[in-house]
Every structure is written in structure tokens, then in C-alpha cells.
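**Q** One structure is given below, represented as C-alpha cells, and several questions about it will come after.
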Amino acid sequence: MIKALGYFIEIIRGSLITARHFVVNMTFHILKVLGIKTKRKGAVTIQYPEQKKELAPRHRSLHRLLKRENGKPRCVACMLCMTVCPSECIYIEAAEDPDPEIQKYPAKFCIDLSRCCFCGFCVEACPEDAIRMDTAKIDFAQYSRQSLLFDLEKLLG
Amino acid sequence: MLIDALIVLIKIICALVWFLVLTLYLTWAERKESAVIQDRIGANRASILGIRIIGLFQPFADAIKMIFKEDFMPSFSNKLLHTLAPFLSFFFVAVTVSAIPFGDTIHLGRRTIALQILDINVGLLFVLAMLSLGIYGILLSGWASRNRFSLLGGIRGAAQLISYEVALGLSLIGLIMVYPSLRLSQIVQIQGRLLFGFLPQWGIFLQPLGFIIFLFAALAETKRVPFDLPEGESEIIGFFTEYSGLKWGLFMMTDFMEIIVVSCLLTTLFFGGWQVPWLGLDGFHFPGGGEWLMARWIVVILQVIAFNIKVFFFCWLQILIRWTYPRFRYDQVMDLGWKLLIPLSLVNIVGTGIIMSVIK
């Protein structure tokens, strides 16, 4: 009987917590409707497509390839990123560059985003700082697997 | 004669529209309230032509979705009973609204109209009987699906509802002793009187223990979360495993209608129904001696509004309870029903009897 009473008190305490959340949040919602600005908001929700969360500066998002001054890719097709990639999603085909300083350039550079795990190893491995993951693009869902293969043009883009 | 029939028809339409609209918007209110409790915003995307008034169109979107879903019926089910079950449970809840008094009697011309569809002298028994007949919907849906899990869910539901039916009935006996009537309108009338000259004679003040027992038993009757063993929507689905589309929607609507019926009963029996404290036929008469007279029609409107506010409050409370507590285990439900609520309600009956005989 006493156990049941203790249980009953805890039940009431529990519902008081949820009721407090309701009343406090509802007050802030009503203040917002009335046009009064408050520091706190009634909800922590971010209304995603319209309102986006600010990404951290180190956030790893969609890859991009950097260019030289003359517009060609900085990549020298050294294959380090392709080697380090744990999900083996990078495919590079090298070609000879007329400039003896550069020697090689990627004729094809393709990232299969359906396999990529966004670990950022390719960025760390790159000796030329040619690939980065700082586009802050996170919504690149596609309707087919084929269009998830991002080629050189798209990555330079 | 014709006019009388017409008046009854209008009352039925008004009450049903009130009931169904409230049911519809209770689904929205449940989503919103749970969201506010959990620091979220809740469903606010449903829109018509880009207008979304905090998601008020959500119930219509839900209804349209449910209508156009495939109404799947397993080949091994009993077709007739499988179809009948949701309608049975819907019907038995829907009729209970006929006995609920929405307000005092009003005078139109020479006619006296009670704001209640059916003022029967066993109104309370009628509501309880219809609520318990709702078990048939659950049992039939579990059995006619010919699915073991549905059947188990139906049996769990029946066991739970029958055991809490006892506590539900017994908890009200003390109340019936205090207000010697089963007529709901009369119970509300008596609650308008004052206790010790200042306290309204509401059921909550005369029967506090009865109120708590009734609240628990009624929560169990609605089959919602602290007591949602028959359904167990997060993992075991229960008696409506084999239902889809609008038939499932009927079960869901029945759930929400039960919330409203329970709120109406709590209001009518324990919180003075349509009574506003100290509001008489011609205005307020405060216990200190102050008066604030007003026209009869304003009083009636105030009373109907008071009834609605009380019902909304109890709907809010039930949603709050649903979003606060985890589910009971099956043996805990049975323990609470048989070992705590029924003995307590018997104690309540005896205690009420002793106090009444002492006061007399």
C-alpha cells in the first residue's frame, strides 16, 4: 500500500515535468505568435529545407577539385587518394601533360558517391591540395545510381 | 410532433458534428501536444494552396491518405466479421454521446429544449454499457482476422477491459450514493448546489477517491499508452494487425472518441458538467454576497463554453498522460486493476456509506 503510494507520487511528479515542458514551450510559442522576441525559442526544431543548420568549418561535405591559375585541375594523378580510399570509390585515369613540371594530369577523375563514406582520407593524402571536402553541400541525393558518379567536370564545377 | 422530431434530429446532428470534429482535431492536438512536450514543433506541413495554418489541415490529409489506401483483407479471414468489427467499436462509442448533457435546458418560444439528445433516467448505465460493448469490436477483430497475434491481442484487450470495467463501475457507486440518481442531467443539476455555502458540490470534492479510481479505470478503458497492452503499437500491434485503410482508421478514430467520451464523463460526473461555479439561472451569485446578473441566453452560452473547456482540459490531460508514462507490464496491469483499484473502490463505497449515515 505504501509502495503504491510512493509510486503514485512519482507518477504525479513525472506528469508535472511534462506539463512544465508543455506550459513553458507553449508560452514561448504564444509570445512568438504575438510578435514578442525572446532569447529562448519554444522548440529546438530546425525547419530543414527552408532553414539550414550552419555546418562546422571542418565538416566533410561534397568533394571538389581545385584548379590552377590556367583553369586546369591541380591534380597530378599521383593515385594517392585512389590508394588510400577505404571504400574504393575514386577512379583516376592519368594522361601525360605537356608541361615537364607537372608531368601527369587526370584524363578521368570519377568519385562514386554511392560508395563514398566521407572519411576525408583522400583530402589528407593529397600532396598537391587538389581535392577538398569543403563545399558545404550535403543535399546531393539523386534518382539513379548512375547520376551519383561525379566526374571531373562536376567535381571541378 | 414533427417539430419535436426535427429538434431531436438537429440535436443529433449538432452533437455528432461536435463529436467528430473534436475527434478529427484531437489527432492534430495529440501530435502538436506531444511535440510541444518534447520541445519539437510537430506536424505543420499540410497545406492547401500553400496556406498552412500551423498544420490545421493535417487531419484532412490523414483522412485522404487513409481513404485511398488499399483495404486489404486476408483471404483466410472471416469476411463478414472482419468488416463488422471496426464498425461495431465505432458505433458503440459514437452512441454514448447521446446521453451527455451539453448544457441546461433552454426555452425557445413555448418549448423547453434540453441540450442533450436523450435524457434517459439510466443515462450513466447507458454510457457504461455502451463503452463495455466496445469490447466486442476488439474481440471480433482479433478473432475474425484468424491471425494468432491478432487473437492474442484481442484476448489481452478483452481481459484488460473486463477487469477494469469492474473498477469503473464500482468507483461510481459512491457517486451514485451521493447524488441519488443515474440521470446524468440530474447529477449535473445537483452539482450546482453549494457545499458549506461556498464550495460547489462537485464530484471531485465529494468523491476524491472515487475520482482517482475512475480516472485510472477510464484510462485503462481507452487502451492508450500506460495501458496499451491490447495494441502495443510500438512492437506487437495487437488486435488490428490485419487491418488497413479506412477500417484501421475507424479503430484509430474510436480510440480518440473514447478519449472524448471519458473526458465528457469525468466532466459530467466529477467536475460539475456544464455548471460554472456560483453561476445560477440569472447570473453569478458569489458566496461573499456579490452579484453579477446577466441575461438567460448569456448564462446558457457560458455554461456550454464551460462544458467544452472542461472537456478540452481532460482531453489535454489524457494526451499528457499518454506522452509521459511508459507501458505497464501485463501482470502489473492486472495487479493494479484487481488488487488495488477494486479494493479501493470497495473501501470508497463503505466509507461513503459511513460518512453519509453519520451526516444524516
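In the C-alpha cells, chains take the letters A, B, ... in the order shown, each chain's residues start at 1, and ligands count up from 1 in the order shown.
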Which chain B residues are at most 12 Å from chain A (counting only C-alpha atoms), as a ChimeraX atom specification?
**A** /B:32-45,53-54,212,216,226,316-326,332,335-336,339-341,343-344
**Q** Could you save the residues just selected, with C-alpha atoms, as a PDB file, in the first residue's frame?
**A**
```pdb
ATOM      1  CA  LYS B  32       1.069  19.043 -31.517  1.00  0.00           C
ATOM      2  CA  GLU B  33       0.897  18.498 -27.792  1.00  0.00           C
ATOM      3  CA  SER B  34       3.392  15.646 -27.878  1.00  0.00           C
ATOM      4  CA  ALA B  35       5.646  17.882 -29.964  1.00  0.00           C
ATOM      5  CA  VAL B  36       5.420  20.768 -27.521  1.00  0.00           C
ATOM      6  CA  ILE B  37       6.100  18.452 -24.598  1.00  0.00           C
ATOM      7  CA  GLN B  38       9.211  17.145 -26.352  1.00  0.00           C
ATOM      8  CA  ASP B  39      10.455  20.622 -27.434  1.00  0.00           C
ATOM      9  CA  ARG B  40       9.509  19.982 -31.062  1.00  0.00           C
ATOM     10  CA  ILE B  41       7.123  21.789 -33.404  1.00  0.00           C
ATOM     11  CA  GLY B  42       5.003  18.935 -34.719  1.00  0.00           C
ATOM     12  CA  ALA B  43       3.002  18.421 -37.881  1.00  0.00           C
ATOM     13  CA  ASN B  44       2.841  21.768 -39.657  1.00  0.00           C
ATOM     14  CA  ARG B  45       3.423  20.934 -43.326  1.00  0.00           C
ATOM     15  CA  ILE B  53      -2.205  27.429 -40.519  1.00  0.00           C
ATOM     16  CA  ILE B  54       0.052  25.625 -38.025  1.00  0.00           C
ATOM     17  CA  ILE B 212      -8.865   8.821  -8.821  1.00  0.00           C
ATOM     18  CA  PHE B 216      -7.297   5.172 -13.730  1.00  0.00           C
ATOM     19  CA  PRO B 226       0.120   3.429 -19.913  1.00  0.00           C
ATOM     20  CA  TRP B 316      -5.318  17.595 -22.819  1.00  0.00           C
ATOM     21  CA  LEU B 317      -4.663  15.729 -19.581  1.00  0.00           C
ATOM     22  CA  GLN B 318      -5.136  12.342 -21.217  1.00  0.00           C
ATOM     23  CA  ILE B 319      -2.777  13.208 -24.054  1.00  0.00           C
ATOM     24  CA  LEU B 320      -0.278  14.447 -21.476  1.00  0.00           C
ATOM     25  CA  ILE B 321      -0.554  11.142 -19.620  1.00  0.00           C
ATOM     26  CA  ARG B 322      -0.152   9.216 -22.851  1.00  0.00           C
ATOM     27  CA  TRP B 323       3.084  11.063 -23.648  1.00  0.00           C
ATOM     28  CA  THR B 324       4.506  10.849 -20.133  1.00  0.00           C
ATOM     29  CA  TYR B 325       4.394   7.257 -18.977  1.00  0.00           C
ATOM     30  CA  PRO B 326       5.864   4.014 -20.259  1.00  0.00           C
ATOM     31  CA  GLN B 332       1.225  -5.016 -13.442  1.00  0.00           C
ATOM     32  CA  ASP B 335      -2.349  -6.269 -10.283  1.00  0.00           C
ATOM     33  CA  LEU B 336      -3.330  -2.618 -10.408  1.00  0.00           C
ATOM     34  CA  LYS B 339      -5.523  -5.806  -6.221  1.00  0.00           C
ATOM     35  CA  LEU B 340      -5.546  -2.040  -5.865  1.00  0.00           C
ATOM     36  CA  LEU B 341      -8.388  -0.339  -7.707  1.00  0.00           C
ATOM     37  CA  PRO B 343     -10.398  -2.988  -3.122  1.00  0.00           C
ATOM     38  CA  LEU B 344     -10.005   0.792  -3.042  1.00  0.00           C
TER      39      LEU B 344
END
```
**Q** Would you return as a list in words the members of segment 22-65 of chain A that DSSP assigns to alpha helix (DSSP H) on this structure's backbone?
**A**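 Filtering segment 22-65 of chain A to alpha helix (DSSP H) leaves Phe22, Val23, Val24, Asn25, Met26, Thr27, Phe28, His29, Ile30, Leu31, Lys32 and Val33 of chain A.
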**Q** Could you pull out the strand (DSSP E) residues of segment 10-229 of chain B from DSSP and send them as a list in words?
**A**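 Secondary structure check on segment 10-229 of chain B, strand (DSSP E): Thr105, Ile106, His107, Leu108, Arg111, Thr112, Ile113, Ala114, Leu194, Leu195, Leu199 and Pro200 of chain B.
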**Q** Kindly give the distance, in Å, that separates atom CA of Asn147 of chain B and atom CA of Leu81 of chain B, rounded to a single decimal.
**A**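 Atom-to-atom, atom CA of Asn147 of chain B to atom CA of Leu81 of chain B, that is 13.6 Å.
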**Q** Leaving out Leu55 of chain A and any residue of its chain fewer than 6 positions from it, which residues lie within 12 Å of it when counting only C-alpha atoms, given as a ChimeraX atom specification?
**A** /A:61,134-138
**Q** Kindly indicate which residue among B:Gln191, B:Trp143, B:Leu170, B:Gly154 lies nearest to Phe271 of chain B, using only C-alpha atoms for the distances.
**A** B:Gln191
**Q** Name the residues in contact with Ala94 of chain B at a cut-off of 12 Å, using only C-alpha atoms, excluding same-chain residues fewer than 5 positions from it; report them as a PDB file with N, CA and C atoms, in the first residue's frame.
**A**
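Written out: result_9.pdb:
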```pdb
ATOM      1  N   ILE B  12     -29.154  15.746 -32.732  1.00  0.00           N
ATOM      2  CA  ILE B  12     -28.261  14.621 -33.063  1.00  0.00           C
ATOM      3  C   ILE B  12     -27.165  15.096 -33.998  1.00  0.00           C
ATOM      4  N   ALA B  15     -24.641  17.326 -32.146  1.00  0.00           N
ATOM      5  CA  ALA B  15     -23.780  16.581 -31.226  1.00  0.00           C
ATOM      6  C   ALA B  15     -22.774  15.745 -32.001  1.00  0.00           C
ATOM      7  N   LEU B  16     -23.241  15.092 -33.085  1.00  0.00           N
ATOM      8  CA  LEU B  16     -22.326  14.238 -33.843  1.00  0.00           C
ATOM      9  C   LEU B  16     -21.250  15.067 -34.523  1.00  0.00           C
ATOM     10  N   VAL B  17     -21.654  16.225 -35.055  1.00  0.00           N
ATOM     11  CA  VAL B  17     -20.665  17.081 -35.711  1.00  0.00           C
ATOM     12  C   VAL B  17     -19.633  17.542 -34.693  1.00  0.00           C
ATOM     13  N   TRP B  18     -20.125  17.956 -33.512  1.00  0.00           N
ATOM     14  CA  TRP B  18     -19.207  18.360 -32.436  1.00  0.00           C
ATOM     15  C   TRP B  18     -18.238  17.237 -32.116  1.00  0.00           C
ATOM     16  N   PHE B  19     -18.806  16.036 -31.992  1.00  0.00           N
ATOM     17  CA  PHE B  19     -18.028  14.865 -31.598  1.00  0.00           C
ATOM     18  C   PHE B  19     -16.976  14.540 -32.650  1.00  0.00           C
ATOM     19  N   LEU B  20     -17.403  14.506 -33.930  1.00  0.00           N
ATOM     20  CA  LEU B  20     -16.479  14.069 -34.975  1.00  0.00           C
ATOM     21  C   LEU B  20     -15.413  15.117 -35.254  1.00  0.00           C
ATOM     22  N   THR B  23     -12.980  14.856 -32.580  1.00  0.00           N
ATOM     23  CA  THR B  23     -12.151  13.666 -32.797  1.00  0.00           C
ATOM     24  C   THR B  23     -11.067  13.947 -33.821  1.00  0.00           C
ATOM     25  N   PHE B  87     -16.743  -1.300 -37.395  1.00  0.00           N
ATOM     26  CA  PHE B  87     -17.982  -0.537 -37.333  1.00  0.00           C
ATOM     27  C   PHE B  87     -18.646  -0.697 -35.974  1.00  0.00           C
ATOM     28  N   LEU B  88     -18.567  -1.925 -35.424  1.00  0.00           N
ATOM     29  CA  LEU B  88     -19.146  -2.150 -34.095  1.00  0.00           C
ATOM     30  C   LEU B  88     -18.476  -1.250 -33.076  1.00  0.00           C
ATOM     31  N   SER B  89     -17.126  -1.271 -33.059  1.00  0.00           N
ATOM     32  CA  SER B  89     -16.477  -0.487 -31.998  1.00  0.00           C
ATOM     33  C   SER B  89     -16.714   0.998 -32.214  1.00  0.00           C
ATOM     34  N   ALA B  99     -26.124  10.587 -24.507  1.00  0.00           N
ATOM     35  CA  ALA B  99     -26.575  10.749 -23.126  1.00  0.00           C
ATOM     36  C   ALA B  99     -25.843  11.862 -22.405  1.00  0.00           C
ATOM     37  N   ILE B 100     -24.897  12.524 -23.079  1.00  0.00           N
ATOM     38  CA  ILE B 100     -24.088  13.538 -22.401  1.00  0.00           C
ATOM     39  C   ILE B 100     -24.829  14.871 -22.413  1.00  0.00           C
ATOM     40  N   VAL B 127     -24.274   4.822 -20.776  1.00  0.00           N
ATOM     41  CA  VAL B 127     -22.922   5.140 -21.262  1.00  0.00           C
ATOM     42  C   VAL B 127     -21.953   4.018 -20.920  1.00  0.00           C
ATOM     43  N   MET B 130     -22.600   0.945 -23.108  1.00  0.00           N
ATOM     44  CA  MET B 130     -22.124   1.079 -24.478  1.00  0.00           C
ATOM     45  C   MET B 130     -20.609   1.008 -24.536  1.00  0.00           C
ATOM     46  N   LEU B 131     -19.958   1.599 -23.521  1.00  0.00           N
ATOM     47  CA  LEU B 131     -18.492   1.537 -23.504  1.00  0.00           C
ATOM     48  C   LEU B 131     -18.026   0.098 -23.371  1.00  0.00           C
ATOM     49  N   LEU B 133     -19.693  -2.541 -24.357  1.00  0.00           N
ATOM     50  CA  LEU B 133     -19.985  -3.297 -25.586  1.00  0.00           C
ATOM     51  C   LEU B 133     -18.878  -3.102 -26.618  1.00  0.00           C
ATOM     52  N   GLY B 134     -18.103  -2.031 -26.449  1.00  0.00           N
ATOM     53  CA  GLY B 134     -16.993  -1.806 -27.370  1.00  0.00           C
ATOM     54  C   GLY B 134     -15.992  -2.952 -27.395  1.00  0.00           C
ATOM     55  N   LEU B 250     -10.961   3.653 -38.684  1.00  0.00           N
ATOM     56  CA  LEU B 250     -12.100   3.632 -37.765  1.00  0.00           C
ATOM     57  C   LEU B 250     -11.643   3.232 -36.363  1.00  0.00           C
ATOM     58  N   MET B 253      -9.966   6.227 -34.904  1.00  0.00           N
ATOM     59  CA  MET B 253     -10.950   7.237 -34.523  1.00  0.00           C
ATOM     60  C   MET B 253     -11.675   6.826 -33.253  1.00  0.00           C
ATOM     61  N   THR B 254     -11.973   5.517 -33.151  1.00  0.00           N
ATOM     62  CA  THR B 254     -12.638   5.028 -31.945  1.00  0.00           C
ATOM     63  C   THR B 254     -11.805   5.338 -30.710  1.00  0.00           C
ATOM     64  N   ASP B 255     -10.485   5.146 -30.841  1.00  0.00           N
ATOM     65  CA  ASP B 255      -9.588   5.461 -29.731  1.00  0.00           C
ATOM     66  C   ASP B 255      -9.760   6.910 -29.295  1.00  0.00           C
ATOM     67  N   PHE B 256      -9.735   7.813 -30.270  1.00  0.00           N
ATOM     68  CA  PHE B 256      -9.820   9.233 -29.927  1.00  0.00           C
ATOM     69  C   PHE B 256     -11.210   9.585 -29.412  1.00  0.00           C
ATOM     70  N   MET B 257     -12.248   8.916 -29.974  1.00  0.00           N
ATOM     71  CA  MET B 257     -13.593   9.186 -29.477  1.00  0.00           C
ATOM     72  C   MET B 257     -13.739   8.716 -28.042  1.00  0.00           C
ATOM     73  N   GLU B 258     -13.069   7.627 -27.710  1.00  0.00           N
ATOM     74  CA  GLU B 258     -13.124   7.156 -26.327  1.00  0.00           C
ATOM     75  C   GLU B 258     -12.512   8.188 -25.383  1.00  0.00           C
ATOM     76  N   ILE B 259     -11.447   8.846 -25.844  1.00  0.00           N
ATOM     77  CA  ILE B 259     -10.855   9.906 -25.013  1.00  0.00           C
ATOM     78  C   ILE B 259     -11.903  10.964 -24.729  1.00  0.00           C
ATOM     79  N   ILE B 260     -12.643  11.353 -25.775  1.00  0.00           N
ATOM     80  CA  ILE B 260     -13.621  12.416 -25.592  1.00  0.00           C
ATOM     81  C   ILE B 260     -14.749  11.948 -24.673  1.00  0.00           C
ATOM     82  N   VAL B 261     -15.182  10.701 -24.863  1.00  0.00           N
ATOM     83  CA  VAL B 261     -16.269  10.201 -24.013  1.00  0.00           C
ATOM     84  C   VAL B 261     -15.816  10.176 -22.551  1.00  0.00           C
TER      85      VAL B 261
END
```
**Q** Hey, can you check how far atom CA of Ser234 of chain B sits from atom CA of Leu139 of chain B?
**A**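 Those two atoms sit 20.5 Å apart.
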**Q** Using only C-alpha atoms, determine which residues lie at most 12 Å from Ile173 of chain B, disregarding the query and same-chain residues fewer than 6 positions distant; provide the list as a list in words.
**A**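 In the requested format, the answer is Leu124, Leu125, Val166, Ala167, Tyr179, Pro180, Ser181, Leu182, Gln207, Leu209, Gly210, Phe211, Ile213, Phe214, Leu269, Ile342, Ser345, Leu346, Val347, Asn348, Ile349, Val350, Gly351, Thr352 and Gly353 of chain B.
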**Q** Interatomic distance between atom CA of Gly142 of chain B and atom CA of Phe239 of chain B?
**A** 4.6 Å
